[in-house]
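Chemist: I'm passing along target-v4.tsv; it holds TSV, N, CA and C atoms.
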```
chain	number	residue	atom	x	y	z
A	1	MET	N	8.17	27.21	23.73
A	1	MET	CA	7.75	26.96	22.37
A	1	MET	C	8.29	25.61	21.88
A	2	VAL	N	9.53	25.28	22.23
A	2	VAL	CA	10.12	24.01	21.82
A	2	VAL	C	9.31	22.85	22.36
A	3	GLY	N	8.84	22.95	23.59
A	3	GLY	CA	8.02	21.89	24.19
A	3	GLY	C	6.73	21.67	23.43
A	4	VAL	N	6.10	22.74	22.95
A	4	VAL	CA	4.86	22.63	22.18
A	4	VAL	C	5.12	21.91	20.87
A	5	VAL	N	6.21	22.28	20.19
A	5	VAL	CA	6.55	21.63	18.93
A	5	VAL	C	6.82	20.15	19.15
A	6	ALA	N	7.55	19.81	20.19
A	6	ALA	CA	7.83	18.41	20.50
A	6	ALA	C	6.56	17.64	20.80
A	7	LEU	N	5.65	18.27	21.55
A	7	LEU	CA	4.39	17.63	21.88
A	7	LEU	C	3.56	17.39	20.63
A	8	LEU	N	3.49	18.37	19.74
A	8	LEU	CA	2.74	18.20	18.50
A	8	LEU	C	3.34	17.09	17.64
A	9	ALA	N	4.65	17.03	17.59
A	9	ALA	CA	5.30	15.97	16.81
A	9	ALA	C	5.00	14.60	17.39
A	10	ALA	N	4.95	14.51	18.70
A	10	ALA	CA	4.66	13.23	19.35
A	10	ALA	C	3.23	12.78	19.11
A	11	CYS	N	2.32	13.72	18.88
A	11	CYS	CA	0.91	13.39	18.67
A	11	CYS	C	0.60	13.05	17.22
A	12	GLY	N	1.56	13.23	16.33
A	12	GLY	CA	1.32	12.97	14.92
A	12	GLY	C	1.06	11.50	14.65
A	13	ALA	N	0.52	11.23	13.46
A	13	ALA	CA	0.25	9.84	13.07
A	13	ALA	C	1.55	9.08	12.97
A	14	GLN	N	1.53	7.86	13.44
A	14	GLN	CA	2.71	7.02	13.40
A	14	GLN	C	2.54	5.95	12.34
A	15	GLU	N	3.64	5.58	11.74
A	15	GLU	CA	3.63	4.50	10.77
A	15	GLU	C	3.32	3.19	11.50
A	16	PRO	N	2.57	2.30	10.88
A	16	PRO	CA	2.32	1.01	11.51
A	16	PRO	C	3.60	0.19	11.56
A	17	ASP	N	3.59	-0.83	12.36
A	17	ASP	CA	4.74	-1.71	12.49
A	17	ASP	C	4.70	-2.72	11.34
A	18	VAL	N	5.49	-2.45	10.31
A	18	VAL	CA	5.52	-3.32	9.13
A	18	VAL	C	6.94	-3.85	8.94
A	19	PRO	N	7.07	-4.97	8.24
A	19	PRO	CA	8.41	-5.55	8.04
A	19	PRO	C	9.33	-4.61	7.25
A	20	GLU	N	10.61	-4.71	7.54
A	20	GLU	CA	11.59	-3.93	6.78
A	20	GLU	C	11.50	-4.31	5.31
A	21	GLY	N	11.56	-3.32	4.45
A	21	GLY	CA	11.47	-3.55	3.01
A	21	GLY	C	10.07	-3.41	2.46
A	22	ALA	N	9.08	-3.22	3.34
A	22	ALA	CA	7.70	-3.03	2.86
A	22	ALA	C	7.59	-1.70	2.12
A	23	VAL	N	6.85	-1.70	1.04
A	23	VAL	CA	6.66	-0.52	0.21
A	23	VAL	C	5.36	0.18	0.64
A	24	HIS	N	5.45	1.48	0.91
A	24	HIS	CA	4.30	2.27	1.36
A	24	HIS	C	3.60	2.84	0.13
A	25	LEU	N	2.32	2.51	-0.01
A	25	LEU	CA	1.50	2.99	-1.12
A	25	LEU	C	0.36	3.84	-0.59
A	26	LYS	N	0.07	4.94	-1.27
A	26	LYS	CA	-1.08	5.77	-0.94
A	26	LYS	C	-2.03	5.72	-2.13
A	27	ALA	N	-3.33	5.78	-1.85
A	27	ALA	CA	-4.34	5.65	-2.89
A	27	ALA	C	-4.04	6.53	-4.10
A	28	GLY	N	-3.94	5.90	-5.25
A	28	GLY	CA	-3.78	6.63	-6.49
A	28	GLY	C	-2.41	7.25	-6.75
A	29	GLU	N	-1.43	7.04	-5.86
A	29	GLU	CA	-0.10	7.62	-6.05
A	29	GLU	C	0.88	6.53	-6.46
A	30	PRO	N	1.34	6.55	-7.72
A	30	PRO	CA	2.26	5.53	-8.21
A	30	PRO	C	3.61	5.58	-7.48
A	31	VAL	N	4.19	4.39	-7.28
A	31	VAL	CA	5.50	4.25	-6.64
A	31	VAL	C	6.34	3.31	-7.50
A	32	GLU	N	7.59	3.71	-7.76
A	32	GLU	CA	8.51	2.88	-8.54
A	32	GLU	C	9.18	1.85	-7.62
A	33	VAL	N	9.13	0.57	-8.02
A	33	VAL	CA	9.76	-0.51	-7.26
A	33	VAL	C	10.42	-1.47	-8.24
A	34	ASP	N	11.73	-1.46	-8.28
A	34	ASP	CA	12.50	-2.41	-9.09
A	34	ASP	C	11.97	-2.55	-10.51
A	35	GLY	N	11.81	-1.44	-11.21
A	35	GLY	CA	11.39	-1.47	-12.60
A	35	GLY	C	9.89	-1.55	-12.83
A	36	LEU	N	9.11	-1.61	-11.77
A	36	LEU	CA	7.65	-1.61	-11.89
A	36	LEU	C	7.09	-0.34	-11.27
A	37	THR	N	5.99	0.13	-11.83
A	37	THR	CA	5.24	1.22	-11.21
A	37	THR	C	4.02	0.59	-10.55
A	38	LEU	N	3.95	0.70	-9.22
A	38	LEU	CA	2.85	0.12	-8.45
A	38	LEU	C	1.88	1.21	-8.01
A	39	THR	N	0.58	0.89	-8.09
A	39	THR	CA	-0.46	1.79	-7.63
A	39	THR	C	-1.49	0.96	-6.87
A	40	ALA	N	-1.92	1.46	-5.72
A	40	ALA	CA	-2.96	0.78	-4.93
A	40	ALA	C	-4.31	1.43	-5.22
A	41	ALA	N	-5.35	0.61	-5.32
A	41	ALA	CA	-6.70	1.09	-5.59
A	41	ALA	C	-7.70	0.15	-4.92
A	42	ASN	N	-8.97	0.51	-4.98
A	42	ASN	CA	-10.06	-0.33	-4.47
A	42	ASN	C	-9.82	-0.79	-3.03
A	43	PHE	N	-9.56	0.17	-2.15
A	43	PHE	CA	-9.24	-0.13	-0.76
A	43	PHE	C	-10.45	-0.68	-0.02
A	44	GLY	N	-10.22	-1.71	0.77
A	44	GLY	CA	-11.16	-2.20	1.76
A	44	GLY	C	-10.48	-2.11	3.11
A	45	GLU	N	-11.11	-2.59	4.15
A	45	GLU	CA	-10.51	-2.54	5.48
A	45	GLU	C	-9.25	-3.40	5.58
A	46	ASP	N	-9.20	-4.48	4.81
A	46	ASP	CA	-8.04	-5.36	4.85
A	46	ASP	C	-7.64	-5.86	3.47
A	47	SER	N	-7.95	-5.05	2.44
A	47	SER	CA	-7.65	-5.47	1.08
A	47	SER	C	-7.41	-4.28	0.16
A	48	ILE	N	-6.72	-4.56	-0.95
A	48	ILE	CA	-6.50	-3.56	-2.01
A	48	ILE	C	-6.43	-4.29	-3.34
A	49	SER	N	-6.51	-3.52	-4.41
A	49	SER	CA	-6.11	-3.99	-5.72
A	49	SER	C	-4.75	-3.37	-5.99
A	50	LEU	N	-3.78	-4.19	-6.36
A	50	LEU	CA	-2.45	-3.72	-6.67
A	50	LEU	C	-2.29	-3.73	-8.19
A	51	ILE	N	-2.01	-2.56	-8.75
A	51	ILE	CA	-1.87	-2.42	-10.20
A	51	ILE	C	-0.39	-2.20	-10.49
A	52	ALA	N	0.14	-2.94	-11.46
A	52	ALA	CA	1.56	-2.83	-11.80
A	52	ALA	C	1.73	-2.56	-13.29
A	53	SER	N	2.69	-1.70	-13.59
A	53	SER	CA	3.03	-1.40	-14.97
A	53	SER	C	4.54	-1.48	-15.12
A	54	ASP	N	4.99	-2.07	-16.24
A	54	ASP	CA	6.42	-2.11	-16.51
A	54	ASP	C	6.80	-1.12	-17.60
A	55	GLY	N	5.82	-0.35	-18.10
A	55	GLY	CA	6.08	0.65	-19.13
A	55	GLY	C	6.26	0.07	-20.52
A	56	LYS	N	6.16	-1.25	-20.65
A	56	LYS	CA	6.38	-1.90	-21.94
A	56	LYS	C	5.12	-2.57	-22.47
A	57	ASP	N	4.32	-3.07	-21.57
A	57	ASP	CA	3.19	-3.91	-21.95
A	57	ASP	C	1.96	-3.41	-21.20
A	58	PHE	N	0.87	-4.12	-21.25
A	58	PHE	CA	-0.35	-3.78	-20.56
A	58	PHE	C	-0.15	-3.79	-19.04
A	59	ASP	N	-0.98	-3.02	-18.34
A	59	ASP	CA	-0.96	-3.05	-16.88
A	59	ASP	C	-1.52	-4.38	-16.40
A	60	ASP	N	-1.09	-4.80	-15.23
A	60	ASP	CA	-1.54	-6.05	-14.62
A	60	ASP	C	-2.05	-5.70	-13.23
A	61	ALA	N	-3.03	-6.41	-12.74
A	61	ALA	CA	-3.59	-6.13	-11.41
A	61	ALA	C	-3.89	-7.42	-10.69
A	62	VAL	N	-3.84	-7.33	-9.36
A	62	VAL	CA	-4.19	-8.47	-8.51
A	62	VAL	C	-4.87	-7.93	-7.26
A	63	ASP	N	-5.86	-8.64	-6.77
A	63	ASP	CA	-6.51	-8.29	-5.51
A	63	ASP	C	-5.75	-8.97	-4.38
A	64	LEU	N	-5.38	-8.18	-3.37
A	64	LEU	CA	-4.63	-8.69	-2.22
A	64	LEU	C	-5.41	-8.50	-0.94
A	65	THR	N	-5.28	-9.45	-0.03
A	65	THR	CA	-5.83	-9.39	1.31
A	65	THR	C	-4.67	-9.52	2.29
A	66	ILE	N	-4.76	-8.84	3.42
A	66	ILE	CA	-3.66	-8.88	4.39
A	66	ILE	C	-3.26	-10.32	4.69
A	67	GLY	N	-1.94	-10.56	4.63
A	67	GLY	CA	-1.40	-11.87	4.93
A	67	GLY	C	-1.31	-12.81	3.75
A	68	ARG	N	-1.85	-12.38	2.61
A	68	ARG	CA	-1.80	-13.24	1.42
A	68	ARG	C	-1.01	-12.54	0.33
A	69	SER	N	-0.35	-13.33	-0.48
A	69	SER	CA	0.42	-12.74	-1.56
A	69	SER	C	-0.28	-12.99	-2.89
A	70	GLY	N	0.13	-12.21	-3.85
A	70	GLY	CA	-0.39	-12.34	-5.20
A	70	GLY	C	0.70	-11.92	-6.18
A	71	GLU	N	0.50	-12.24	-7.45
A	71	GLU	CA	1.52	-11.98	-8.46
A	71	GLU	C	1.02	-11.00	-9.50
A	72	VAL	N	1.88	-10.01	-9.81
A	72	VAL	CA	1.64	-9.09	-10.92
A	72	VAL	C	2.94	-8.94	-11.69
A	73	LYS	N	2.85	-8.95	-13.01
A	73	LYS	CA	4.03	-8.78	-13.86
A	73	LYS	C	5.15	-9.73	-13.47
A	74	GLY	N	4.80	-10.96	-13.06
A	74	GLY	CA	5.79	-11.96	-12.73
A	74	GLY	C	6.46	-11.78	-11.38
A	75	ARG	N	5.99	-10.85	-10.58
A	75	ARG	CA	6.56	-10.58	-9.26
A	75	ARG	C	5.50	-10.81	-8.20
A	76	SER	N	5.90	-11.35	-7.06
A	76	SER	CA	4.97	-11.60	-5.96
A	76	SER	C	5.06	-10.49	-4.92
A	77	PHE	N	3.91	-10.10	-4.40
A	77	PHE	CA	3.81	-9.10	-3.35
A	77	PHE	C	2.82	-9.60	-2.30
A	78	GLU	N	3.16	-9.35	-1.03
A	78	GLU	CA	2.25	-9.69	0.07
A	78	GLU	C	1.75	-8.41	0.70
A	79	LEU	N	0.44	-8.31	0.92
A	79	LEU	CA	-0.14	-7.16	1.60
A	79	LEU	C	0.04	-7.36	3.10
A	80	VAL	N	0.74	-6.42	3.77
A	80	VAL	CA	1.02	-6.58	5.19
A	80	VAL	C	0.23	-5.62	6.08
A	81	GLU	N	-0.28	-4.52	5.51
A	81	GLU	CA	-1.05	-3.57	6.34
A	81	GLU	C	-1.89	-2.68	5.44
A	82	VAL	N	-3.08	-2.32	5.92
A	82	VAL	CA	-3.95	-1.35	5.25
A	82	VAL	C	-4.49	-0.40	6.30
A	83	GLU	N	-4.51	0.89	5.97
A	83	GLU	CA	-5.14	1.89	6.82
A	83	GLU	C	-6.10	2.71	5.97
A	84	VAL	N	-7.35	2.79	6.41
A	84	VAL	CA	-8.37	3.58	5.72
A	84	VAL	C	-9.25	4.27	6.75
A	85	GLU	N	-9.89	5.33	6.32
A	85	GLU	CA	-10.91	5.97	7.15
A	85	GLU	C	-12.23	5.28	6.86
A	86	GLY	N	-13.04	5.07	7.88
A	86	GLY	CA	-14.34	4.43	7.72
A	86	GLY	C	-14.25	2.92	7.82
A	87	THR	N	-15.42	2.28	7.80
A	87	THR	CA	-15.50	0.83	7.88
A	87	THR	C	-16.57	0.33	6.92
A	88	GLY	N	-16.47	-0.95	6.58
A	88	GLY	CA	-17.48	-1.59	5.73
A	88	GLY	C	-17.70	-0.83	4.43
A	89	ASP	N	-18.98	-0.58	4.13
A	89	ASP	CA	-19.34	0.13	2.91
A	89	ASP	C	-18.99	1.61	2.97
A	90	ASP	N	-18.62	2.10	4.14
A	90	ASP	CA	-18.29	3.52	4.32
A	90	ASP	C	-16.80	3.81	4.27
A	91	VAL	N	-16.00	2.88	3.77
A	91	VAL	CA	-14.56	3.12	3.64
A	91	VAL	C	-14.33	4.26	2.65
A	92	VAL	N	-13.48	5.19	3.04
A	92	VAL	CA	-13.10	6.30	2.17
A	92	VAL	C	-11.84	5.88	1.43
A	93	GLU	N	-12.01	5.39	0.20
A	93	GLU	CA	-10.88	4.83	-0.55
A	93	GLU	C	-9.75	5.83	-0.76
A	94	GLU	N	-10.10	7.10	-0.95
A	94	GLU	CA	-9.09	8.12	-1.20
A	94	GLU	C	-8.17	8.31	0.00
A	95	SER	N	-8.59	7.85	1.19
A	95	SER	CA	-7.77	7.99	2.39
A	95	SER	C	-6.81	6.81	2.56
A	96	GLY	N	-6.91	5.84	1.69
A	96	GLY	CA	-6.20	4.58	1.88
A	96	GLY	C	-4.70	4.66	1.78
A	97	GLU	N	-4.07	3.89	2.66
A	97	GLU	CA	-2.63	3.66	2.63
A	97	GLU	C	-2.43	2.16	2.82
A	98	ALA	N	-1.44	1.63	2.12
A	98	ALA	CA	-1.16	0.19	2.23
A	98	ALA	C	0.34	-0.03	2.19
A	99	TRP	N	0.74	-1.16	2.74
A	99	TRP	CA	2.14	-1.58	2.73
A	99	TRP	C	2.20	-2.97	2.14
A	100	VAL	N	2.99	-3.13	1.08
A	100	VAL	CA	3.18	-4.44	0.46
A	100	VAL	C	4.64	-4.82	0.56
A	101	LEU	N	4.86	-6.10	0.69
A	101	LEU	CA	6.21	-6.63	0.84
A	101	LEU	C	6.55	-7.42	-0.42
A	102	PRO	N	7.56	-6.96	-1.19
A	102	PRO	CA	7.97	-7.73	-2.36
A	102	PRO	C	8.57	-9.06	-1.92
A	103	ALA	N	8.23	-10.12	-2.63
A	103	ALA	CA	8.81	-11.44	-2.33
A	103	ALA	C	10.20	-11.50	-2.93
A	104	GLU	N	11.06	-12.19	-2.27
A	104	GLU	CA	12.46	-12.32	-2.75
A	104	GLU	C	12.53	-13.34	-3.85
```
Produce structure tokens that represent the structure in this file.
Modeler:
Amino acid sequence: MVGVVALLAACGAQEPDVPEGAVHLKAGEPVEVDGLTLTAANFGEDSISLIASDGKDFDDAVDLTIGRSGEVKGRSFELVEVEVEGTGDDVVEESGEAWVLPAE
């Protein structure tokens, strides 16, 4: 039985190879990062919209593409990885996961 459990664990989805400090975002699930609430939306195969809220003022958003950075609420973030089900116009946005790297 232990062997079966180990085998099933080995077959599970693995996290992509992303830089240390990258923040993992799932579609529509807010994540707190250094005083900001970040939410990923509008997933494409290599892009997302990053929405940020500081709880004090209006929300801010920026469209990010893998390898490029953008600024929200005075902070820079680089999109380093996107995973979605489907391709092109058939991307299932609700399945989206993204990793952004806060700039120092």
Chemist: To one decimal place in Å, what is the distance between atom N of His24 in chain A and atom C of Leu50 in chain A?
Modeler: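 Separation of atom N of His24 in chain A and atom C of Leu50 in chain A: 13.0 Å.
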Chemist: What's the separation between atom C of Leu101 in chain A and atom C of Glu78 in chain A, in Å to one decimal place?
Modeler: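 The value is 5.0 Å.
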Chemist: Which is closer to Gly21 in chain A than all the others in A:Thr39, A:Val80, A:Ile48, A:Pro102, using only N, CA and C atoms?
Modeler: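 Counting only N, CA and C atoms, the residue closest to Gly21 in chain A is A:Pro102.
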Chemist: Could you pull the residues within 6 Å of Ser53 in chain A, counting only N, CA and C atoms, minus those fewer than 2 positions along the same chain, as a VMD selection string?
Modeler: chain A and resid 35 to 38 51 55 to 56 58 to 60
Chemist: Between atom C of Ala41 in chain A and CA of Asp89 in chain A, what is the spacing in Å?
Modeler: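 Between CA of Asp89 in chain A and atom C of Ala41 in chain A the gap is 14.0 Å.
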Chemist: List every residue of range 1-84 of chain A that DSSP, applied to the backbone, labels as helix (DSSP H, G or I), and write the result as a list of chain:residue names.
Modeler: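 Selecting the helix (DSSP H, G or I) positions of range 1-84 of chain A gives A:Val2, A:Gly3, A:Val4, A:Val5, A:Ala6, A:Leu7, A:Leu8, A:Ala9, A:Ala10, A:Cys11.
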Chemist: Report the residues of range 3-92 of chain A whose backbone DSSP state falls under strand (DSSP E or B), written as JSON, numbers by chain.
Modeler: {"A": [23, 24, 25, 26, 29, 31, 32, 33, 36, 37, 38, 39, 40, 41, 47, 48, 49, 50, 51, 52, 53, 60, 61, 62, 63, 64, 65, 69, 70, 71, 72, 75, 76, 77, 78, 79, 80, 81, 82, 83, 84, 85, 92]}
Chemist: Here is a test: counting all atoms listed in the file, which residue of A:Ala61, A:Val18, A:Val23, A:Val72 is nearest to Trp99 in chain A?
Modeler: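 Looking only at the distances to Trp99 in chain A, the closest residue turns out to be A:Val23.
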Chemist: Just the residues within 5 Å of Ser76 in chain A, please, counting all atoms listed in the file, with nothing from its chain fewer than 3 positions along; format it as a PyMOL selection string.
Modeler: chain A and resi 70-71+102-103
Chemist: Residues near Asp46 in chain A, anyone? I mean within 6 Å using only N, CA and C atoms, not counting same-chain ones fewer than 5 positions away, as a JSON list (two decimals) with N, CA and C atoms, in the frame of the given file.
Modeler:
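Saved result, result01.json, follows:
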```json
[["chain", "number", "residue", "atom", "x", "y", "z"],
["A", 64, "LEU", "N", -5.38, -8.18, -3.37],
["A", 64, "LEU", "CA", -4.63, -8.69, -2.22],
["A", 64, "LEU", "C", -5.41, -8.50, -0.94],
["A", 65, "THR", "N", -5.28, -9.45, -0.03],
["A", 65, "THR", "CA", -5.83, -9.39, 1.31],
["A", 65, "THR", "C", -4.67, -9.52, 2.29],
["A", 66, "ILE", "N", -4.76, -8.84, 3.42],
["A", 66, "ILE", "CA", -3.66, -8.88, 4.39],
["A", 66, "ILE", "C", -3.26, -10.32, 4.69],
["A", 82, "VAL", "N", -3.08, -2.32, 5.92],
["A", 82, "VAL", "CA", -3.95, -1.35, 5.25],
["A", 82, "VAL", "C", -4.49, -0.40, 6.30]]
```
